[in-house]
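To start, the structure itself, in structure tokens.
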Amino acid sequence: MSAQIIIVDDDPLVGGLTLELLNDAGYSSRLIQDSLKAQDIIKAEKPALVILDILMPGLDGLTLLHRLKSDPETEPIRAIIVSGKSFEAEKQRAAQYGAEAFIEKPYDVELFAQKVNEIMKKQGVDPRKTARPPSEPAPVVRSELKAVVWGCRSTSSAVSPVVTRYGKHTSCVSVETPSHIFVFDAGSGISLLGNELMKSGKHKEIWLFLTHFHHDHVEGLAGFPCAHDKDYTLHISGASEADKPFEKALEAAFEPGFGDKPVPAKLELYELLEQTYEILPGVRLSVFYANHPGTTLAFALQTEGRKIVYCPDSELYGEYATALQDYDEKIGAVCRGADLMFHDGRYTAEDYKKNRNTGHSSFLAAVDFAGKNLVKALVLVHQDDSYADAVLEQMGKEAQARADERGYKLKVVLGREGLRITA
Ligand SMILES: [Zn+2]
């Protein structure tokens, strides 16, 4: 069965997300990453709609549009141009060549879906009547993913005036599949994980992803039990700071064990950029920059047919966004449809007002963000260390109430030390 919609985009991340969005909406769609092959495929399949990126190696989207519209066989096919480039001249050319719409990237998911539905309706194509073709392979058999919060406070208990039921350790979350363990951040919570790993002896290879080098995200590294055992291999990834290469920053975090006196474990280091990596067969990691002081990363891990997002230090603008602040939309495209998301929910709404532009979010903004981007479960992390039990409990209640009140299909919990979730 031919596709109803064909997407031509060389970026596997954006193209993949668009594909997912359209498939979810009920349209049979396919993604072509090689623009040079696109014209022949479009001609053979005759979809109702094509979605073309402008900037692509090989053939740019506007030229492709022009060719499609110049061929009587493909002329009736509707087209949407999507692009991060938004010069007026580009828009005019798109319209002149016959595009139905020009949508700027990163695009608003709801508006995009609305536009597609509008065009498909005009073309007489109803998504609900066209379930996925029966020839499609059976759904992938998924293994369970186990996520554990080992620490999620903004500052560790050493300096915190309040120790609560929600825990005293700083950032560390693990995600375990039957064959691998992925660890996000090495705050003081990583010692708890290390103890458990040493006891079970289950994983001798550990994949550790660091969002950034602020103390509360790396303070547990030097004492991480597995780093002191020669049977372990630590694959550590992170970003360079503007003034400090990744290896140097890591060395400082490992101090004093890393320099002349290396830790006994085998270390494999990887510097990350904002892109998608195939880190192991069937394991994809999308790396994106978070709105937080210094170079700060956030991650979307895709494996076993699920998407888990880890974004602990990130200021969402929410209702305070100005026209120039498109951060929420930008990361929304990456986080969309996540099965599980760990996001910064440091402040109450009141305290956020006093701490705007410091790189952390109000928990309500995180709930709204997750709800709008169709995230299924949200764990609020990085709570302010000054909050005691009563405040945190109230935040948890208000968070779920907000999701319910706004009609999001979202389960929200407040992160706490030892929280275990199966995705
Ligand atoms: Zn930070």
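Ligands are numbered from 1 in the order shown, residues from 1 within each chain, and chains are lettered A, B, ... in the order they appear in the structure tokens.
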
Quiz item: Near A:Asp108, counting only C-alpha atoms, which residues have an atom at most 9 Å away, once you skip same-chain residues fewer than 2 positions from it, shown as a list in words?
Solution: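 Answer for this query is Ile103, Glu104, Lys105, Pro106, Glu110, Leu111, Phe112, Ala113, Glu329, Lys330, Gly332 and Ala333 of chain A.
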
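DSSP on the backbone gives helix (DSSP H, G or I) for these parts of stretch 130-251 of chain A: A:Ile190, A:Ser191, A:Leu192, A:Leu193, A:Gly194, A:Asn195, A:Glu196, A:Leu197, A:Met198, A:Lys199, A:Ser200, A:His215, A:Asp216, A:His217, A:Val218, A:Pro225, A:Cys226, A:Ala227, A:His228, A:Phe246, A:Glu247, A:Lys248, A:Ala249, A:Leu250, A:Glu251.
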
Quiz item: When the cut-off is 12 Å and you count only C-alpha atoms and all ligand atoms, which residues lie near ligand 1, shown as a ChimeraX atom specification?
Solution: /A:153-155,170-171,185,187,210-219,290-298,311-315,344,346,358-361,382

Could you write out that same residue set with N, CA, C and O atoms as a short mmCIF file (atom, residue, chain, number, x, y, z; two decimals), in the first residue's frame?
data_model
loop_
_atom_site.label_atom_id
_atom_site.label_comp_id
_atom_site.auth_asym_id
_atom_site.auth_seq_id
_atom_site.Cartn_x
_atom_site.Cartn_y
_atom_site.Cartn_z
N ARG A 153 17.74 15.83 44.39
CA ARG A 153 17.66 17.13 45.07
C ARG A 153 18.66 18.10 44.45
O ARG A 153 19.62 17.70 43.81
N SER A 154 18.40 19.40 44.68
CA SER A 154 19.24 20.41 44.04
C SER A 154 20.61 20.56 44.70
O SER A 154 21.57 20.97 44.08
N THR A 155 20.69 20.23 45.99
CA THR A 155 21.98 20.27 46.70
C THR A 155 21.99 19.11 47.67
O THR A 155 20.95 18.78 48.23
N THR A 170 21.84 14.02 45.44
CA THR A 170 21.70 14.81 44.20
C THR A 170 21.63 13.87 42.98
O THR A 170 21.86 12.68 43.07
N SER A 171 21.38 14.51 41.83
CA SER A 171 21.00 13.86 40.56
C SER A 171 21.67 12.55 40.16
O SER A 171 22.87 12.51 39.91
N ASP A 185 23.73 11.17 34.94
CA ASP A 185 24.34 12.01 35.97
C ASP A 185 24.96 11.22 37.13
O ASP A 185 24.59 10.08 37.40
N GLY A 187 25.50 12.60 40.42
CA GLY A 187 25.38 13.29 41.70
C GLY A 187 25.60 12.29 42.82
O GLY A 187 25.91 11.12 42.56
N LEU A 210 26.53 12.38 31.27
CA LEU A 210 26.54 13.53 32.16
C LEU A 210 25.89 14.73 31.48
O LEU A 210 26.24 15.07 30.35
N THR A 211 24.95 15.37 32.16
CA THR A 211 24.30 16.54 31.55
C THR A 211 25.25 17.73 31.55
O THR A 211 25.33 18.47 30.58
N HIS A 212 25.97 17.92 32.67
CA HIS A 212 26.91 19.03 32.77
C HIS A 212 27.76 18.85 34.02
O HIS A 212 27.59 17.87 34.74
N PHE A 213 28.64 19.80 34.25
CA PHE A 213 29.62 19.61 35.33
C PHE A 213 29.34 20.44 36.58
O PHE A 213 30.23 20.63 37.38
N HIS A 214 28.12 20.93 36.75
CA HIS A 214 27.81 21.56 38.03
C HIS A 214 27.94 20.49 39.11
O HIS A 214 27.61 19.31 38.88
N HIS A 215 28.41 20.92 40.28
CA HIS A 215 28.77 20.00 41.36
C HIS A 215 27.72 18.93 41.65
O HIS A 215 28.03 17.75 41.82
N ASP A 216 26.45 19.35 41.70
CA ASP A 216 25.40 18.41 42.07
C ASP A 216 25.13 17.33 41.02
O ASP A 216 24.28 16.47 41.23
N HIS A 217 25.85 17.37 39.91
CA HIS A 217 25.66 16.35 38.88
C HIS A 217 26.87 15.43 38.71
O HIS A 217 26.83 14.46 37.96
N VAL A 218 27.97 15.76 39.39
CA VAL A 218 29.18 14.95 39.26
C VAL A 218 29.83 14.64 40.61
O VAL A 218 30.84 13.94 40.67
N GLU A 219 29.25 15.14 41.69
CA GLU A 219 29.94 15.01 42.98
C GLU A 219 30.10 13.56 43.45
O GLU A 219 30.95 13.27 44.29
N ALA A 290 20.11 22.05 26.88
CA ALA A 290 19.06 22.50 27.80
C ALA A 290 19.28 23.96 28.15
O ALA A 290 20.40 24.46 28.12
N ASN A 291 18.20 24.64 28.49
CA ASN A 291 18.25 26.05 28.87
C ASN A 291 18.69 26.16 30.33
O ASN A 291 17.88 26.07 31.24
N HIS A 292 20.00 26.30 30.51
CA HIS A 292 20.60 26.26 31.84
C HIS A 292 21.99 26.88 31.71
O HIS A 292 22.62 26.73 30.67
N PRO A 293 22.50 27.56 32.75
CA PRO A 293 23.81 28.21 32.60
C PRO A 293 24.92 27.23 32.24
O PRO A 293 24.97 26.13 32.77
N GLY A 294 25.81 27.64 31.35
CA GLY A 294 26.90 26.78 30.90
C GLY A 294 26.40 25.80 29.86
O GLY A 294 25.22 25.80 29.50
N THR A 295 27.29 24.96 29.35
CA THR A 295 26.86 23.97 28.37
C THR A 295 26.18 22.84 29.12
O THR A 295 26.81 22.14 29.91
N THR A 296 24.90 22.69 28.90
CA THR A 296 24.13 21.66 29.62
C THR A 296 23.35 20.82 28.62
O THR A 296 22.67 21.36 27.74
N LEU A 297 23.49 19.52 28.76
CA LEU A 297 22.81 18.62 27.84
C LEU A 297 21.57 18.02 28.48
O LEU A 297 21.41 18.04 29.70
N ALA A 298 20.73 17.46 27.63
CA ALA A 298 19.61 16.64 28.09
C ALA A 298 19.52 15.50 27.08
O ALA A 298 20.09 15.59 25.98
N CYS A 311 16.02 15.27 31.63
CA CYS A 311 16.26 16.71 31.42
C CYS A 311 16.13 17.41 32.78
O CYS A 311 15.15 18.09 33.05
N PRO A 312 17.12 17.21 33.65
CA PRO A 312 16.96 17.64 35.05
C PRO A 312 17.23 19.11 35.32
O PRO A 312 16.76 19.65 36.32
N ASP A 313 18.00 19.77 34.46
CA ASP A 313 18.32 21.18 34.66
C ASP A 313 17.88 21.91 33.41
O ASP A 313 18.58 21.90 32.40
N SER A 314 16.72 22.53 33.46
CA SER A 314 16.13 23.05 32.24
C SER A 314 15.06 24.06 32.61
O SER A 314 14.12 23.72 33.32
N GLU A 315 15.21 25.27 32.15
CA GLU A 315 14.19 26.28 32.44
C GLU A 315 13.22 26.39 31.28
O GLU A 315 13.54 26.90 30.22
N ASP A 344 13.14 18.81 35.18
CA ASP A 344 13.32 19.84 36.20
C ASP A 344 11.96 20.36 36.68
O ASP A 344 11.15 20.85 35.89
N ARG A 346 11.99 22.23 39.84
CA ARG A 346 12.64 22.69 41.07
C ARG A 346 11.75 23.53 41.96
O ARG A 346 11.73 23.38 43.17
N THR A 358 17.19 31.59 36.01
CA THR A 358 18.33 30.98 36.69
C THR A 358 18.56 29.56 36.18
O THR A 358 19.44 28.85 36.66
N GLY A 359 17.74 29.12 35.22
CA GLY A 359 18.00 27.81 34.61
C GLY A 359 17.22 26.66 35.20
O GLY A 359 17.55 25.50 34.96
N HIS A 360 16.19 26.95 35.98
CA HIS A 360 15.34 25.89 36.52
C HIS A 360 13.87 26.24 36.32
O HIS A 360 13.52 27.40 36.16
N SER A 361 13.02 25.20 36.38
CA SER A 361 11.60 25.39 36.03
C SER A 361 10.68 25.37 37.24
O SER A 361 11.00 24.79 38.27
N HIS A 382 14.96 17.33 40.66
CA HIS A 382 15.79 18.49 40.99
C HIS A 382 15.05 19.46 41.89
O HIS A 382 15.18 20.69 41.78
#

Exercise. Please provide as a list in words all residues within 12 Å of stretch 318-325 of chain A, with the sequence filter that same-chain residues fewer than 5 positions apart are discarded (counting only C-alpha atoms).
Key: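 Within the cut-off, the hits are Pro106, Asn291, Lys330, Ile331, Gly332, Ala349, Tyr352, Lys353, Arg356, Asn357, His360, Ser361, Ser362, Phe363, Leu364, Ala365, Ala366, Val367, Asp368, Phe369, Ala370 and Lys372 of chain A.
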
Restricting it to N, CA and C atoms, dump the selection as a PDB file, in the first residue's frame.
ATOM      1  N   PRO A 106      11.533  25.098  14.834  1.00  0.00           N
ATOM      2  CA  PRO A 106      10.793  23.930  15.296  1.00  0.00           C
ATOM      3  C   PRO A 106       9.297  24.243  15.282  1.00  0.00           C
ATOM      4  N   ASN A 291      18.197  24.641  28.495  1.00  0.00           N
ATOM      5  CA  ASN A 291      18.254  26.053  28.870  1.00  0.00           C
ATOM      6  C   ASN A 291      18.694  26.161  30.330  1.00  0.00           C
ATOM      7  N   LYS A 330      11.285  23.983  20.893  1.00  0.00           N
ATOM      8  CA  LYS A 330      12.457  23.283  20.368  1.00  0.00           C
ATOM      9  C   LYS A 330      12.622  21.932  21.050  1.00  0.00           C
ATOM     10  N   ILE A 331      12.617  21.913  22.370  1.00  0.00           N
ATOM     11  CA  ILE A 331      12.822  20.620  23.026  1.00  0.00           C
ATOM     12  C   ILE A 331      11.543  19.782  23.004  1.00  0.00           C
ATOM     13  N   GLY A 332      10.410  20.460  22.800  1.00  0.00           N
ATOM     14  CA  GLY A 332       9.154  19.722  22.692  1.00  0.00           C
ATOM     15  C   GLY A 332       9.198  18.721  21.541  1.00  0.00           C
ATOM     16  N   ALA A 349       5.293  27.499  42.084  1.00  0.00           N
ATOM     17  CA  ALA A 349       4.982  28.616  41.189  1.00  0.00           C
ATOM     18  C   ALA A 349       5.433  29.949  41.806  1.00  0.00           C
ATOM     19  N   TYR A 352       9.254  30.244  41.714  1.00  0.00           N
ATOM     20  CA  TYR A 352       9.768  30.410  40.357  1.00  0.00           C
ATOM     21  C   TYR A 352       9.783  31.887  39.980  1.00  0.00           C
ATOM     22  N   LYS A 353       8.722  32.586  40.401  1.00  0.00           N
ATOM     23  CA  LYS A 353       8.639  34.020  40.068  1.00  0.00           C
ATOM     24  C   LYS A 353       9.866  34.769  40.582  1.00  0.00           C
ATOM     25  N   ARG A 356      13.353  33.487  38.290  1.00  0.00           N
ATOM     26  CA  ARG A 356      13.318  33.349  36.836  1.00  0.00           C
ATOM     27  C   ARG A 356      14.703  33.576  36.250  1.00  0.00           C
ATOM     28  N   ASN A 357      14.934  32.962  35.089  1.00  0.00           N
ATOM     29  CA  ASN A 357      16.211  33.089  34.371  1.00  0.00           C
ATOM     30  C   ASN A 357      17.413  32.588  35.163  1.00  0.00           C
ATOM     31  N   HIS A 360      16.191  26.954  35.979  1.00  0.00           N
ATOM     32  CA  HIS A 360      15.340  25.888  36.521  1.00  0.00           C
ATOM     33  C   HIS A 360      13.870  26.239  36.320  1.00  0.00           C
ATOM     34  N   SER A 361      13.015  25.204  36.376  1.00  0.00           N
ATOM     35  CA  SER A 361      11.602  25.389  36.032  1.00  0.00           C
ATOM     36  C   SER A 361      10.685  25.369  37.240  1.00  0.00           C
ATOM     37  N   SER A 362       9.514  25.928  37.025  1.00  0.00           N
ATOM     38  CA  SER A 362       8.433  25.750  37.985  1.00  0.00           C
ATOM     39  C   SER A 362       7.834  24.373  37.655  1.00  0.00           C
ATOM     40  N   PHE A 363       7.402  23.640  38.672  1.00  0.00           N
ATOM     41  CA  PHE A 363       6.886  22.292  38.390  1.00  0.00           C
ATOM     42  C   PHE A 363       5.631  22.339  37.526  1.00  0.00           C
ATOM     43  N   LEU A 364       4.883  23.425  37.612  1.00  0.00           N
ATOM     44  CA  LEU A 364       3.670  23.536  36.798  1.00  0.00           C
ATOM     45  C   LEU A 364       4.012  23.683  35.310  1.00  0.00           C
ATOM     46  N   ALA A 365       5.092  24.423  35.029  1.00  0.00           N
ATOM     47  CA  ALA A 365       5.519  24.559  33.630  1.00  0.00           C
ATOM     48  C   ALA A 365       5.931  23.195  33.088  1.00  0.00           C
ATOM     49  N   ALA A 366       6.567  22.381  33.947  1.00  0.00           N
ATOM     50  CA  ALA A 366       6.993  21.043  33.504  1.00  0.00           C
ATOM     51  C   ALA A 366       5.775  20.163  33.217  1.00  0.00           C
ATOM     52  N   VAL A 367       4.741  20.286  34.062  1.00  0.00           N
ATOM     53  CA  VAL A 367       3.517  19.494  33.847  1.00  0.00           C
ATOM     54  C   VAL A 367       2.856  19.908  32.526  1.00  0.00           C
ATOM     55  N   ASP A 368       2.723  21.211  32.316  1.00  0.00           N
ATOM     56  CA  ASP A 368       2.099  21.697  31.079  1.00  0.00           C
ATOM     57  C   ASP A 368       2.882  21.256  29.855  1.00  0.00           C
ATOM     58  N   PHE A 369       4.204  21.367  29.966  1.00  0.00           N
ATOM     59  CA  PHE A 369       5.076  20.986  28.852  1.00  0.00           C
ATOM     60  C   PHE A 369       4.888  19.505  28.509  1.00  0.00           C
ATOM     61  N   ALA A 370       4.922  18.665  29.536  1.00  0.00           N
ATOM     62  CA  ALA A 370       4.780  17.216  29.312  1.00  0.00           C
ATOM     63  C   ALA A 370       3.402  16.906  28.739  1.00  0.00           C
ATOM     64  N   LYS A 372       1.305  18.863  27.013  1.00  0.00           N
ATOM     65  CA  LYS A 372       1.140  19.337  25.634  1.00  0.00           C
ATOM     66  C   LYS A 372       1.907  18.487  24.649  1.00  0.00           C
TER      67      LYS A 372
END

Practice problem: For atom CA of A:Lys397 and atom CA of A:Leu316, quote the distance in Å rounded to one decimal. | Solution: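 Atom-to-atom, atom CA of A:Lys397 and atom CA of A:Leu316 are spaced 20.5 Å apart.
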
Practice problem: Report as a ChimeraX atom specification: the residues of stretch 6-192 of chain A with a DSSP assignment of strand (DSSP E or B), based on the backbone of this structure. | Solution: /A:6-8,29-32,49-53,78-83,101-104,146-151,153,170,172-176,181-184

Quiz item: atom CA of A:Ser237 and atom CA of A:Leu280 are how many Å apart?
Solution: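 Straight-line distance from atom CA of A:Ser237 to atom CA of A:Leu280 works out to 13.7 Å.
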
Quiz prompt | Selected residue, from A:Asp10, A:Val109, A:His235, A:Gly282, that lies nearest to A:Lys37 when counting only C-alpha atoms | solution =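 Of A:Asp10, A:Val109, A:His235, A:Gly282, the one nearest A:Lys37 is A:Asp10, counting only C-alpha atoms.
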
Practice problem: Excluding stretch 403-420 of chain A and any residue of its chain fewer than 6 positions from it, enumerate the residues within 10 Å of it, using only C-alpha atoms, and give them as number ranges by chain. | Solution: A: 146-153, 164-175, 189, 192-193, 339-343, 345, 363-364, 366-368, 370-383, 392-397

Practice problem: Find the residues around A:Ala25 up to 8 Å (only C-alpha atoms counted), leave out those fewer than 3 positions away in its own chain, and share them as a VMD selection string. | Solution: chain A and resid 21 to 22 113 127
